[in-house]
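Chemist: Pasting in a structure now, in structure tokens, and then I'll have a few things to ask.
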Amino acid sequence: MPVRSRDRARALLADAPEGLDAHQVAEALDVHVTTARFHLNNLVDEGSAVSETLSPEGVGRPRVLYRPMPAPPADELLHLLLRQLGGTEAERERLASLAGRAWAQAHTPRVTSSAPAAVPDPVTVVADALAELGFRITDAVSAFGEHRVRICSCPLQSIAVRNPEIAHGVVRGAVAYALESASPVLDGAYAVDVSPDPDGDCELVLNLSSAAYIER
């Protein structure tokens with residue numbers, strides 16, 4: 001089962017506030033019901049979902065419904081506060097990137113040595129920095145000077161659901177800071193773009209494109 005299946009199960013529950021059972025989730029994800037139940041129970045354990053055992057309608061195992069955990073009132077306040085960052089999505093993403101830089105700065109050591117050193121691998125730099133912030137790299141592909149990194153957006157999940165542009169900006173700013181702090185050679189060497197996972201999973205796709213190539 002792909003590593004992103006739990007996120008897909010989470011997304012299914014979010015779209016079904018009336019609740020789903022393991023059989024319905026298994027059918028939607030095209031997996032065995034035992035596997036679906038395993039991921040649903042993990043969502044309950046992590047606090048993302050709640051379960052309810054219904055009264056049995058006959059012999060056999062009683063039906064268990066899983067629903068998304070209701071958002072606390074503070075989440076609505078957070079959403080309203082984030083909307084005050086700017087009047088447009090572009091402005092909110094720009095300001096969020098500044099917050100992302102500050103966030104990464106608090107957790108990413110800056111290289112201060114003046115001695116020449118080998119240029120670090122940008123994907124490794126990004127993966128290490130994002131791991132410090134609680135993200136998980138699920139895939140990375142490099143070709144012809146460009147790098148595509150797929151990351152789980154769990155640390156920003158509550159923000160990404162309603163304000164994806166803010167989540168994108170935070171990641172973009174954090175990555176830009178990590179690159180420039182790792183080596184002067186990497187400072188400005190890549191254009192950083194963050195977008196939702198095209199497969200619809202609870203992930204973000206990070207693209208690092210050579211800035212020199214883009215300027216041609």
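Ordering of the structure tokens sets the chain letters (A, B, ...), residue numbers begin anew at 1 in every chain, and ligands are numbered from 1 in the order given.
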Please provide as an MDAnalysis selection string all residues within 6 Å of region 94-103 of chain A, with the sequence filter that same-chain residues fewer than 5 positions apart are discarded (counting only C-alpha atoms).
Modeler: chainID A and resid 166 169:170 172:174 177
Chemist: Only C-alpha atoms, please: the residues just picked out, written as a short mmCIF file (atom, residue, chain, number, x, y, z; two decimals), in the first residue's frame.
Modeler:
```cif
data_model
loop_
_atom_site.label_atom_id
_atom_site.label_comp_id
_atom_site.auth_asym_id
_atom_site.auth_seq_id
_atom_site.Cartn_x
_atom_site.Cartn_y
_atom_site.Cartn_z
CA ILE A 166 -0.11 30.18 2.86
CA GLY A 169 4.50 30.28 0.82
CA VAL A 170 5.77 28.93 4.14
CA ARG A 172 8.88 28.16 -0.33
CA GLY A 173 10.40 30.59 2.16
CA ALA A 174 11.81 27.82 4.34
CA TYR A 177 16.47 30.09 3.37
#
```
Chemist: For Gly47 (chain A), find every residue with an atom within 7 Å (counting only C-alpha atoms), except residues of its own chain fewer than 3 positions away, and show them as an MDAnalysis selection string.
Modeler: chainID A and resid 43:44 69
Chemist: So that each row is one residue of region 58-96 of chain A with an atom at most 9 Å from region 18-34 of chain A, can you give its shortest atom pair and the distance in Å to one decimal, using only C-alpha atoms, rows by chain and rising number, as CSV?
Modeler:
```
residue,atom,partner,partner_atom,distance
A:Arg63,CA,A:Asp21,CA,7.1
A:Val64,CA,A:Asp21,CA,5.8
A:Leu65,CA,A:Asp21,CA,4.7
A:Tyr66,CA,A:Gly19,CA,5.2
A:Arg67,CA,A:Gly19,CA,4.6
A:Pro68,CA,A:Gly19,CA,7.8
```
Chemist: Please provide as a list in words all residues within 10 Å of Val161 (chain A), with the sequence filter that same-chain residues fewer than 3 positions apart are discarded (counting only C-alpha atoms).
Modeler: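 In the requested form, the answer reads Ala11, Ala14, Leu156, Gln157, Ser158, Pro164, Glu165, Ala167 and Cys202 of chain A.
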Chemist: Could you please take those selected residues and save C-alpha atoms as a PDB file, in the first residue's frame?
Modeler:
```
ATOM      1  CA  ALA A  11      -9.210  13.197   2.781  1.00  0.00           C
ATOM      2  CA  ALA A  14     -13.052  15.093   5.373  1.00  0.00           C
ATOM      3  CA  LEU A 156       0.739  22.569   7.901  1.00  0.00           C
ATOM      4  CA  GLN A 157      -2.271  20.351   7.291  1.00  0.00           C
ATOM      5  CA  SER A 158      -4.836  22.491   9.109  1.00  0.00           C
ATOM      6  CA  PRO A 164      -3.144  26.422   0.545  1.00  0.00           C
ATOM      7  CA  GLU A 165      -1.390  29.553  -0.678  1.00  0.00           C
ATOM      8  CA  ALA A 167       1.201  26.632   3.192  1.00  0.00           C
ATOM      9  CA  CYS A 202      -2.293  15.356   1.353  1.00  0.00           C
TER      10      CYS A 202
END
```
Chemist: Write out as a tab-separated table (two decimals) with C-alpha atoms, in the first residue's frame the residues lying within 7 Å of Ser195 (chain A), counting only C-alpha atoms and excluding same-chain residues fewer than 4 positions away.
Modeler:
```tsv
chain	number	residue	atom	x	y	z
A	168	HIS	CA	2.92	26.98	-0.19
A	204	LEU	CA	2.95	19.23	-1.64
A	205	VAL	CA	5.23	19.03	-4.66
A	206	LEU	CA	8.36	21.15	-4.46
```
Chemist: Would you please work out which residue, of A:Leu179, A:Cys154, A:Gln84, A:Ser51, is nearest to Asp7 (chain A) when using only C-alpha atoms?
Modeler: A:Cys154
Chemist: Give me, please, the distance in Å between CA of Thr124 (chain A) and CA of Ser153 (chain A), quoted to one decimal.
Modeler: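 CA of Ser153 (chain A) lies at a distance of 17.9 Å from CA of Thr124 (chain A).
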Chemist: Taking the DSSP secondary structure from the backbone, can you list the residues of region 45-192 of chain A that are alpha helix (DSSP H), as a PyMOL selection string?
Modeler: chain A and resi 45+73-83+89-105+122-132+157-162+164-182
Chemist: Between A:Val119, A:Cys152, A:Leu186, A:Ile159, single out the one closest to Leu82 (chain A), counting only C-alpha atoms.
Modeler: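 The closest residue to Leu82 (chain A) is A:Ile159.
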